[in-house]
>>> print(open('upload34.txt').read())   # compact mmCIF, C-alpha atoms
# COMPACT_ATOMS: atom_id res chain seq x y z
CA MET V 177 72.01 99.78 99.92
CA ALA V 178 73.83 103.08 100.37
CA LYS V 179 76.90 103.71 98.26
CA GLY V 180 79.94 101.88 99.55
CA ASP V 181 78.04 99.88 102.18
CA ASP V 182 78.98 96.47 100.86
CA PRO V 183 78.36 94.05 103.71
CA LEU V 184 80.80 91.54 102.27
CA HIS V 185 84.21 93.14 102.16
CA ASP V 186 83.88 96.85 101.44
CA LEU V 187 84.46 99.56 104.01
CA THR V 188 81.57 101.64 105.30
CA ASN V 189 80.99 105.16 104.02
CA GLU V 190 82.18 106.54 107.33
CA GLU V 191 85.43 104.57 107.17
CA LYS V 192 85.99 105.62 103.56
CA THR V 193 85.39 109.29 104.23
CA LYS V 194 87.68 109.27 107.23
CA HIS V 195 90.62 107.84 105.31
CA GLU V 196 90.24 109.20 101.79
CA ARG V 197 89.94 112.89 102.67
CA ASP V 198 93.09 112.66 104.75
CA LEU V 199 94.93 110.82 101.97
CA ARG V 200 93.83 113.36 99.35
CA ARG V 201 94.97 116.24 101.55
CA LYS V 202 98.38 114.64 102.14
CA ALA V 203 98.68 113.90 98.40
CA ARG V 204 98.06 117.61 97.62
CA GLU V 205 100.81 118.53 100.09
CA HIS V 206 103.25 116.15 98.38
CA PHE V 207 102.11 117.48 95.00
CA ARG V 208 102.96 121.00 96.12
CA ALA V 209 106.35 119.80 97.36
CA GLY V 210 107.07 117.93 94.14
CA LYS V 211 107.22 114.51 95.84
CA LYS V 212 105.69 112.54 93.02
CA ALA V 213 106.22 108.99 94.27
CA LEU V 214 104.55 109.69 97.61
CA ARG V 215 101.69 111.52 95.93
CA GLU V 216 101.09 108.62 93.53
CA GLN V 217 101.01 106.16 96.40
CA LEU V 218 98.54 108.16 98.48
CA MET V 219 96.23 108.78 95.53
CA ALA V 220 96.22 105.10 94.56
CA GLN V 221 95.44 104.14 98.14
CA ALA V 222 92.65 106.73 98.40
CA ASN V 223 91.14 105.30 95.23
CA GLU V 224 91.29 101.69 96.42
CA ILE V 225 89.70 102.67 99.72
CA SER V 226 86.91 104.75 98.23
CA ARG V 227 85.89 102.79 95.16
CA ARG V 228 82.95 100.48 95.38
CA LYS V 229 84.27 96.94 95.59
CA SER V 230 83.41 94.19 93.15
CA LYS V 231 79.99 92.67 93.49
CA ARG V 232 79.14 90.98 90.26
CA ALA V 233 79.79 87.33 89.56
CA HIS V 234 83.16 86.91 87.95
CA GLN V 235 84.30 83.60 86.57
CA HIS V 236 87.40 82.56 84.73
CA GLY V 237 87.97 79.25 83.09
CA ILE V 238 91.31 77.52 83.40
CA MET M 1181 105.55 76.39 90.93
CA ALA M 1182 102.54 74.12 91.09
CA PHE M 1183 99.14 73.79 92.61
CA SER M 1184 99.21 71.30 95.43
CA GLU M 1185 97.09 68.30 94.51
CA THR M 1186 94.63 67.76 97.32
CA ARG M 1187 91.47 65.71 97.31
CA GLU M 1188 89.03 65.63 94.45
CA ASP M 1189 86.79 68.58 95.12
CA ARG M 1190 83.87 69.95 93.20
CA ASN M 1191 84.35 73.27 95.01
CA ARG M 1192 87.83 73.76 93.64
CA GLY M 1193 88.15 77.33 92.43
CA VAL M 1194 85.19 78.69 94.40
CA VAL M 1195 86.19 81.82 96.34
CA GLU M 1196 84.33 82.36 99.61
CA PRO M 1197 85.54 85.30 101.71
CA ARG M 1198 86.42 84.13 105.23
CA PRO M 1199 85.78 86.77 107.92
CA ASP M 1200 89.39 86.79 109.15
CA LEU M 1201 90.66 87.23 105.58
CA VAL M 1202 88.20 90.08 104.99
CA ARG M 1203 89.47 91.75 108.17
CA GLU M 1204 93.03 91.35 106.93
CA TYR M 1205 92.08 92.89 103.56
CA LYS M 1206 90.52 95.92 105.28
CA ARG M 1207 93.54 96.29 107.55
CA LEU M 1208 95.88 96.33 104.55
CA LEU M 1209 93.63 98.68 102.59
CA VAL M 1210 93.83 101.48 105.15
CA GLY M 1211 97.28 100.74 106.63
CA LYS M 1212 100.64 101.96 105.46
CA TRP M 1213 101.52 100.72 101.97
CA ASP M 1214 105.07 99.46 102.41
CA GLU M 1215 107.04 96.23 101.97
CA SER M 1216 105.37 94.65 104.96
CA ALA M 1217 101.97 95.32 103.36
CA LEU M 1218 103.27 93.86 100.09
CA ASN M 1219 104.27 90.62 101.81
CA ASP M 1220 100.96 90.45 103.67
CA ALA M 1221 99.02 91.03 100.42
CA LEU M 1222 100.96 88.22 98.72
CA ALA M 1223 100.12 85.94 101.65
CA LEU M 1224 96.47 87.02 101.59
CA VAL M 1225 95.99 86.10 97.91
CA ARG M 1226 97.58 82.73 98.63
CA SER M 1227 95.26 82.14 101.59
CA ILE M 1228 92.21 82.91 99.42
CA LEU M 1229 93.46 80.47 96.78
CA GLN M 1230 94.17 77.86 99.43
CA ASP M 1231 90.60 78.14 100.71
CA ALA M 1232 89.46 77.65 97.10
CA ARG M 1233 91.46 74.37 97.02
CA LEU M 1234 94.11 76.03 94.89
CA ALA M 1235 97.03 76.11 97.29
CA LEU M 1236 100.12 77.36 95.48
CA LYS M 1237 103.60 76.14 96.23
CA PHE M 1238 106.65 77.76 94.74
CA ARG M 1239 109.66 75.63 93.98
CA TRP M 1240 112.07 77.56 96.17
CA GLU M 1241 109.81 77.01 99.16
CA SER M 1242 110.22 73.25 98.78
CA LEU M 1243 113.98 73.64 98.49
CA HIS M 1244 114.45 75.94 101.44
CA PRO M 1245 116.24 74.13 104.28
CA THR M 1246 113.85 75.38 106.94
CA ARG M 1247 110.63 75.04 104.97
CA GLY M 1248 108.85 71.98 103.69
CA ARG M 1249 110.27 69.95 106.57
CA ARG M 1250 107.42 68.52 108.51
CA THR M 1251 107.81 68.34 112.26
CA PRO M 1252 107.05 65.00 113.92
CA TYR M 1253 103.92 65.00 116.01
CA PRO M 1254 104.90 65.37 119.70
CA ILE M 1255 104.11 62.43 121.94
CA PRO M 1256 102.77 63.66 125.29
CA PRO M 1257 104.78 62.53 128.33
CA GLY M 1258 103.10 59.63 130.07
CA ALA M 1259 101.01 58.75 127.04
CA PRO M 1260 99.59 55.22 127.12
CA GLU M 1261 101.35 52.59 125.04
CA TYR M 1262 98.67 52.40 122.34
CA LEU M 1263 98.88 56.17 121.78
CA THR M 1264 102.68 56.11 121.70
CA GLU M 1265 102.63 53.36 119.09
CA PHE M 1266 100.03 55.25 117.06
CA MET M 1267 102.04 58.49 117.11
CA ASP M 1268 105.24 56.61 116.25
CA SER M 1269 103.55 55.11 113.23
CA LEU M 1270 102.34 58.51 112.10
CA ASN M 1271 105.79 60.03 112.51
CA SER M 1272 107.57 57.22 110.70
CA SER M 1273 105.47 57.81 107.58
CA LEU M 1274 106.42 61.48 107.28
CA ALA M 1275 108.20 62.43 104.08
CA PRO M 1276 112.00 62.59 104.28
CA GLU M 1277 113.68 65.95 104.55
CA LEU M 1278 113.85 67.81 101.27
CA PRO M 1279 117.11 68.77 99.50
CA THR M 1280 118.55 72.12 100.50
CA SER M 1281 120.15 73.25 97.24
CA ALA M 1282 118.25 75.32 94.71
CA SER M 1283 118.50 75.08 90.94
CA MET M 1284 119.92 77.92 88.86
CA ASP M 1285 116.47 78.77 87.57
CA ASP M 1286 115.12 79.85 90.93
CA PRO M 1287 114.96 83.54 91.81
CA ALA M 1288 118.11 84.37 93.73
CA THR M 1289 117.01 87.24 95.93
CA LYS M 1290 114.08 88.13 98.12
CA VAL M 1291 112.88 90.88 95.82
CA GLN M 1292 113.06 88.54 92.82
CA ARG M 1293 110.97 85.99 94.68
CA GLN M 1294 108.41 88.62 95.59
CA ALA M 1295 108.20 89.63 91.93
CA THR M 1296 107.89 86.04 90.72
CA MET M 1297 105.22 85.28 93.28
CA ALA M 1298 103.27 88.41 92.38
CA THR M 1299 103.52 87.57 88.67
CA VAL M 1300 101.76 84.27 89.33
CA LEU M 1301 99.22 85.55 91.85
CA LEU M 1302 98.09 88.43 89.60
CA THR M 1303 97.49 86.14 86.62
CA VAL M 1304 96.12 83.09 88.38
CA GLN M 1305 92.77 83.42 86.58
CA SER M 1306 94.42 82.62 83.26
CA LEU M 1307 97.01 80.02 84.25
CA LYS M 1308 96.81 76.40 83.20
CA TYR M 1309 98.28 73.47 85.10
CA PRO M 1310 98.71 70.02 83.67
CA ASN M 1311 98.43 68.34 87.09
CA LEU M 1312 94.85 69.51 87.60
CA PRO M 1313 91.67 68.86 85.63
CA PRO M 1314 90.01 71.96 84.07
CA PHE M 1315 88.27 74.16 86.62
CA LYS M 1316 86.92 77.67 86.97
CA ILE M 1317 87.72 80.31 89.51
CA VAL M 1318 84.32 81.45 90.75
CA ASP M 1319 84.70 84.77 92.52
CA GLU M 1320 81.08 85.79 93.03
CA THR M 1321 81.78 88.46 95.62
CA GLY M 1322 84.86 89.74 93.79
CA PHE M 1323 86.94 89.30 96.94
CA LEU M 1324 89.84 87.63 95.15
CA ARG M 1325 90.13 90.30 92.48
CA ASP M 1326 89.73 93.13 94.98
CA VAL M 1327 92.63 91.72 97.00
CA GLN M 1328 94.53 91.31 93.72
CA ALA M 1329 93.87 95.01 92.98
CA LEU M 1330 95.43 95.85 96.33
CA LEU M 1331 98.40 93.64 95.46
CA PHE M 1332 98.58 95.27 92.01
CA ASN M 1333 98.98 98.71 93.55
CA LEU M 1334 101.58 97.51 96.05
CA CYS M 1335 103.54 95.91 93.21
CA VAL M 1336 103.56 99.12 91.16
CA LEU M 1337 104.24 101.49 94.05
CA VAL M 1338 106.44 99.43 96.39
CA LEU M 1339 107.91 96.44 94.54
CA LEU M 1340 108.76 97.76 91.06
CA PRO M 1341 110.88 100.65 92.39
CA LYS M 1342 112.99 98.10 94.30
CA LEU M 1343 113.82 96.03 91.23
CA GLY M 1344 117.21 96.96 89.80
CA ALA M 1345 119.22 96.17 86.69
CA GLN M 1346 120.06 92.69 87.99
CA ASP M 1347 116.32 91.97 88.28
CA ARG M 1348 115.47 92.87 84.70
CA ASN M 1349 113.79 89.56 83.81
CA GLU M 1350 111.63 89.59 86.92
CA ALA M 1351 110.69 93.23 86.33
CA LEU M 1352 109.71 92.54 82.71
CA LEU M 1353 107.62 89.53 83.68
CA LEU M 1354 105.94 91.46 86.47
CA ARG M 1355 105.11 94.41 84.25
CA ASN M 1356 103.56 92.06 81.71
CA ALA M 1357 101.59 90.33 84.45
CA LEU M 1358 100.34 93.69 85.72
CA HIS M 1359 99.14 94.65 82.26
CA MET M 1360 97.61 91.22 81.70
CA HIS M 1361 95.82 91.47 85.03
CA THR M 1362 94.01 94.62 83.89
CA VAL M 1363 92.98 92.92 80.65
CA VAL M 1364 91.86 89.55 82.01
CA VAL M 1365 90.47 90.31 85.45
CA TRP M 1366 88.84 93.72 84.99
CA ASP M 1367 87.35 93.37 81.51
CA ASP M 1368 83.83 93.77 82.90
CA GLU M 1369 84.63 96.77 85.10
CA PRO M 1370 86.10 99.53 82.91
CA THR M 1371 86.49 102.06 85.71
CA GLU M 1372 88.88 100.00 87.81
CA GLN M 1373 90.57 98.72 84.65
CA ALA M 1374 91.27 102.32 83.58
CA GLN M 1375 92.40 103.32 87.07
CA LEU M 1376 94.91 100.45 87.34
CA ARG M 1377 96.24 101.14 83.85
CA SER M 1378 96.74 104.78 84.72
CA VAL M 1379 98.78 103.88 87.82
CA LEU M 1380 100.88 101.37 85.85
CA LEU M 1381 101.53 103.72 82.91
CA ALA M 1382 102.54 106.56 85.22
CA SER M 1383 105.10 104.26 86.84
CA ASN M 1384 106.53 103.56 83.37
CA GLY M 1385 106.89 107.28 82.69
CA HIS M 1386 104.02 107.38 80.17
CA GLN M 1387 102.38 110.47 81.64
CA LYS M 1388 100.11 111.38 78.71
CA GLU M 1389 98.71 107.87 78.54
CA ALA M 1390 98.33 107.86 82.33
CA LEU M 1391 96.22 111.02 82.04
CA ALA M 1392 94.08 109.49 79.29
CA TRP M 1393 93.27 106.45 81.44
CA ALA M 1394 92.67 108.60 84.52
CA TRP M 1395 90.16 110.59 82.42
CA ARG M 1396 88.49 107.33 81.38
CA ALA M 1397 88.21 106.27 85.02
CA LEU M 1398 86.64 109.59 85.97
CA GLU M 1399 84.24 109.64 83.02
CA THR M 1400 82.88 106.23 83.99
CA THR M 1401 82.36 107.24 87.62
CA PRO M 1402 79.10 109.00 88.55
CA PRO M 1403 79.52 112.21 90.61
CA SER M 1404 77.47 110.60 93.38
CA ALA M 1405 79.99 107.78 93.80
CA HIS M 1406 82.27 107.83 96.79
CA ASP M 1407 85.44 107.73 94.69
CA TYR M 1408 84.44 110.56 92.30
CA MET M 1409 86.46 113.27 94.05
CA THR M 1410 89.56 111.09 94.40
CA LYS M 1411 89.49 110.30 90.69
CA ALA M 1412 88.93 113.99 89.89
CA GLN M 1413 91.94 115.00 91.97
CA ALA M 1414 94.05 112.39 90.17
CA VAL M 1415 93.05 113.88 86.79
CA TRP M 1416 93.83 117.40 88.02
CA MET M 1417 97.33 116.34 89.09
CA ARG M 1418 98.01 114.57 85.81
CA ILE M 1419 96.82 117.60 83.78
CA VAL M 1420 99.23 119.83 85.71
CA ASP M 1421 102.00 117.24 85.14
CA THR M 1422 101.54 116.97 81.41
CA GLN M 1423 99.99 120.27 80.26
CA GLY M 1424 100.90 122.76 82.95
CA PRO M 1425 98.84 124.53 85.66
CA ARG M 1426 96.97 126.84 83.29
CA ALA M 1427 95.43 123.87 81.47
CA ALA M 1428 93.97 122.61 84.75
CA ILE M 1429 91.78 125.68 85.35
CA PRO M 1430 89.00 124.79 82.85
CA PHE M 1431 88.92 121.31 84.34
CA LEU M 1432 88.47 122.68 87.85
CA LEU M 1433 85.70 125.03 86.71
CA SER M 1434 83.90 122.13 85.10
CA LEU M 1435 84.46 120.01 88.21
CA SER M 1436 82.96 122.69 90.45
CA ARG M 1437 79.72 122.33 88.47
CA SER M 1438 79.62 118.53 88.31
CA ALA M 1439 80.82 117.57 91.79
CA PRO M 1440 78.49 117.46 94.81
CA PRO M 1441 78.58 120.74 96.83
CA GLU M 1442 80.30 119.06 99.79
CA TYR M 1443 83.50 118.90 97.71
CA LEU M 1444 83.62 122.61 96.85
CA PRO M 1445 86.10 123.50 99.62
CA GLU M 1446 88.54 120.89 98.27
CA ILE M 1447 88.08 122.14 94.70
CA MET M 1448 88.83 125.67 95.91
CA GLU M 1449 92.03 124.39 97.53
CA MET M 1450 93.03 122.76 94.27
CA ALA M 1451 92.36 125.99 92.38
CA GLU M 1452 94.46 128.03 94.83
CA GLN M 1453 97.27 125.50 94.53
CA THR M 1454 97.05 125.63 90.73
CA TRP M 1455 97.43 129.43 90.76
CA SER M 1456 100.38 129.14 93.13
CA PHE M 1457 102.16 126.95 90.56
CA GLU M 1458 101.73 129.78 88.06
CA GLU M 1459 103.38 132.38 90.27
CA PRO M 1460 107.02 133.19 89.43
>>> encode(input="upload34.txt", output="structure tokens")
Amino acid sequence: MAKGDDPLHDLTNEEKTKHERDLRRKAREHFRAGKKALREQLMAQANEISRRKSKRAHQHGI
Amino acid sequence: MAFSETREDRNRGVVEPRPDLVREYKRLLVGKWDESALNDALALVRSILQDARLALKFRWESLHPTRGRRTPYPIPPGAPEYLTEFMDSLNSSLAPELPTSASMDDPATKVQRQATMATVLLTVQSLKYPNLPPFKIVDETGFLRDVQALLFNLCVLVLLPKLGAQDRNEALLLRNALHMHTVVVWDDEPTEQAQLRSVLLASNGHQKEALAWAWRALETTPPSAHDYMTKAQAVWMRIVDTQGPRAAIPFLLSLSRSAPPEYLPEIMEMAEQTWSFEEP
């Protein structure tokens, strides 16, 4: 399976690329302008979009 | 707050991503991260838990005058007598209307309720409830925790800044829940654990620690991964924040050698921007 192509709930590589590059570019603009809160938000969103989503079994007892 | 007791179910706690919930997750992931997204993320975690037979009900929802009141089943006009009698019998057994006053312990404002709800939903893997027998949350696809990660970010970036001095208790509980979430839920995935900690620490004003965890997230991400460049840019920004632009140059030089060639134009942009910060 290609990176990021999780058939369960991840976005495709094409979707990721489309969004994350734009978010990184906007974050750099806010960084230049000193708008820290906006930059933090865009970078966090770019990360959540682009990272490979969970796949392994994960169990927690209650 | 309590889990609603439903029928005995051996599948209690098993998370199975429903297509419409997956679509909602993807919509929230790429949409605007604002209060509306925060509310939708809260609702999405609750829907996942409800599907896993772990429907959550908060006390204030039972006490709200317009919620918790069940509407009688409508009897169609011209319905035959046997159906009318049947529907009447169903309606007569509905629970009486619930009280409308709330106790002093309930969160008083909308933002406090959002914070309380998020505190529970982010730590649901480690909660215990006396009204249910022991069970496990089985999240084989990771859908629940990925939606929780989305909620985590919305809490740090949208909800926490809205909490004021009068919301101190809720803010403290939420911050603890956010930290606990990184410990309990992401113990087997150090990259996302480090990333979430970096975001949380930066929001607390701990910039050096935020940089350290951003470094950890980058170090555990292979250059071929889709999120490598995003994590690298985050480190670059945090180096400039904490050590100044000059300190970021060696990092960018190193990055230009480790990152795939397709990212070179972006690295060049970052270098130009770094030099511009140095100019008087």
>>> residues_around(input="upload34.txt", residues="Gln217 (chain V)", least_positions_apart="4", cutoff="9 Å", atoms="all atoms listed in the file", output="short mmCIF file (atom, residue, chain, number, x, y, z; two decimals) with C-alpha atoms, in the coordinates of the input")
data_model
loop_
_atom_site.label_atom_id
_atom_site.label_comp_id
_atom_site.auth_asym_id
_atom_site.auth_seq_id
_atom_site.Cartn_x
_atom_site.Cartn_y
_atom_site.Cartn_z
CA ALA V 203 98.68 113.90 98.40
CA LYS V 212 105.69 112.54 93.02
CA ALA V 213 106.22 108.99 94.27
CA GLN V 221 95.44 104.14 98.14
CA ALA V 222 92.65 106.73 98.40
CA TRP M 1213 101.52 100.72 101.97
CA ASN M 1333 98.98 98.71 93.55
CA LEU M 1334 101.58 97.51 96.05
CA LEU M 1337 104.24 101.49 94.05
CA VAL M 1338 106.44 99.43 96.39
#
>>> closest_atom_pairs(input="upload34.txt", of="chain M", to="chain V", cutoff="7 Å", atoms="all atoms listed in the file", output="tab-separated table")
residue	atom	partner	partner_atom	distance
M:Val1202	CA	V:His185	CA	5.8
M:Leu1209	CA	V:Ile225	CA	6.3
M:Val1210	CA	V:Ile225	CA	6.9
M:Gln1305	CA	V:His236	CA	5.7
M:Ser1306	CA	V:Ile238	CA	6.0
M:Leu1307	CA	V:Ile238	CA	6.3
M:Lys1308	CA	V:Ile238	CA	5.6
M:Pro1314	CA	V:Ile238	CA	5.7
M:Phe1315	CA	V:Ile238	CA	5.6
M:Lys1316	CA	V:Gly237	CA	4.3
M:Ile1317	CA	V:His236	CA	5.3
M:Val1318	CA	V:Gln235	CA	4.7
M:Asp1319	CA	V:His234	CA	5.3
M:Glu1320	CA	V:Ala233	CA	4.0
M:Thr1321	CA	V:Lys231	CA	5.0
M:Gly1322	CA	V:Ser230	CA	4.7
M:Asp1326	CA	V:Ser230	CA	6.7
M:Leu1337	CA	V:Gln217	CA	6.1
M:Ala1405	CA	V:Lys179	CA	6.8
M:His1406	CA	V:Ser226	CA	5.8
M:Asp1407	CA	V:Ser226	CA	4.9
M:Thr1410	CA	V:Asn223	CA	6.1
M:Lys1411	CA	V:Asn223	CA	7.0
M:Ala1414	CA	V:Met219	CA	6.8
>>> atom_distance(input="upload34.txt", atom1="CA of Leu1432 (chain M)", atom2="CA of Val1415 (chain M)")
10.0 Å
>>> residues_around(input="upload34.txt", residues="region 1372-1374 of chain M", least_positions_apart="3", cutoff="10 Å", atoms="all atoms listed in the file", output="PyMOL selection string")
(chain V and resi 223-224+227-230) or (chain M and resi 1326+1329+1359+1361-1369+1377-1380+1390+1392-1398+1400-1401)
>>> write_last_selection(input="upload34.txt", atoms="C-alpha atoms", output="PDB file, in the frame of the given file")
ATOM      1  CA  ASN V 223      91.140 105.300  95.230  1.00  0.00           C
ATOM      2  CA  GLU V 224      91.290 101.690  96.420  1.00  0.00           C
ATOM      3  CA  ARG V 227      85.890 102.790  95.160  1.00  0.00           C
ATOM      4  CA  ARG V 228      82.950 100.480  95.380  1.00  0.00           C
ATOM      5  CA  LYS V 229      84.270  96.940  95.590  1.00  0.00           C
ATOM      6  CA  SER V 230      83.410  94.190  93.150  1.00  0.00           C
TER       7      SER V 230
ATOM      8  CA  ASP M1326      89.730  93.130  94.980  1.00  0.00           C
ATOM      9  CA  ALA M1329      93.870  95.010  92.980  1.00  0.00           C
ATOM     10  CA  HIS M1359      99.140  94.650  82.260  1.00  0.00           C
ATOM     11  CA  HIS M1361      95.820  91.470  85.030  1.00  0.00           C
ATOM     12  CA  THR M1362      94.010  94.620  83.890  1.00  0.00           C
ATOM     13  CA  VAL M1363      92.980  92.920  80.650  1.00  0.00           C
ATOM     14  CA  VAL M1364      91.860  89.550  82.010  1.00  0.00           C
ATOM     15  CA  VAL M1365      90.470  90.310  85.450  1.00  0.00           C
ATOM     16  CA  TRP M1366      88.840  93.720  84.990  1.00  0.00           C
ATOM     17  CA  ASP M1367      87.350  93.370  81.510  1.00  0.00           C
ATOM     18  CA  ASP M1368      83.830  93.770  82.900  1.00  0.00           C
ATOM     19  CA  GLU M1369      84.630  96.770  85.100  1.00  0.00           C
ATOM     20  CA  ARG M1377      96.240 101.140  83.850  1.00  0.00           C
ATOM     21  CA  SER M1378      96.740 104.780  84.720  1.00  0.00           C
ATOM     22  CA  VAL M1379      98.780 103.880  87.820  1.00  0.00           C
ATOM     23  CA  LEU M1380     100.880 101.370  85.850  1.00  0.00           C
ATOM     24  CA  ALA M1390      98.330 107.860  82.330  1.00  0.00           C
ATOM     25  CA  ALA M1392      94.080 109.490  79.290  1.00  0.00           C
ATOM     26  CA  TRP M1393      93.270 106.450  81.440  1.00  0.00           C
ATOM     27  CA  ALA M1394      92.670 108.600  84.520  1.00  0.00           C
ATOM     28  CA  TRP M1395      90.160 110.590  82.420  1.00  0.00           C
ATOM     29  CA  ARG M1396      88.490 107.330  81.380  1.00  0.00           C
ATOM     30  CA  ALA M1397      88.210 106.270  85.020  1.00  0.00           C
ATOM     31  CA  LEU M1398      86.640 109.590  85.970  1.00  0.00           C
ATOM     32  CA  THR M1400      82.880 106.230  83.990  1.00  0.00           C
ATOM     33  CA  THR M1401      82.360 107.240  87.620  1.00  0.00           C
TER      34      THR M1401
END
>>> closest_residue(input="upload34.txt", among="M:Pro1403, M:Val1195, M:Met1297, M:Tyr1253", to="Ala1223 (chain M)", atoms="all atoms listed in the file")
M:Met1297
>>> axis_aligned_box(input="upload34.txt", around="region 1443-1458 of chain M", padding_each_side="8 Å", output="AutoDock Vina command-line options")
--center_x 92.8 --center_y 124.3 --center_z 93.8 --size_x 34.7 --size_y 26.9 --size_z 27.6
>>> atom_distance(input="upload34.txt", atom1="CA of Ser1227 (chain M)", atom2="CA of Gln1375 (chain M)")
25.8 Å
>>> atom_distance(input="upload34.txt", atom1="CA of Ala1428 (chain M)", atom2="CA of Ala209 (chain V)")
17.9 Å
>>> residues_around(input="upload34.txt", residues="Leu1343 (chain M)", least_positions_apart="3", cutoff="12 Å", atoms="all atoms listed in the file", output="number ranges by chain")
M: 1289-1296, 1335-1340, 1346-1355
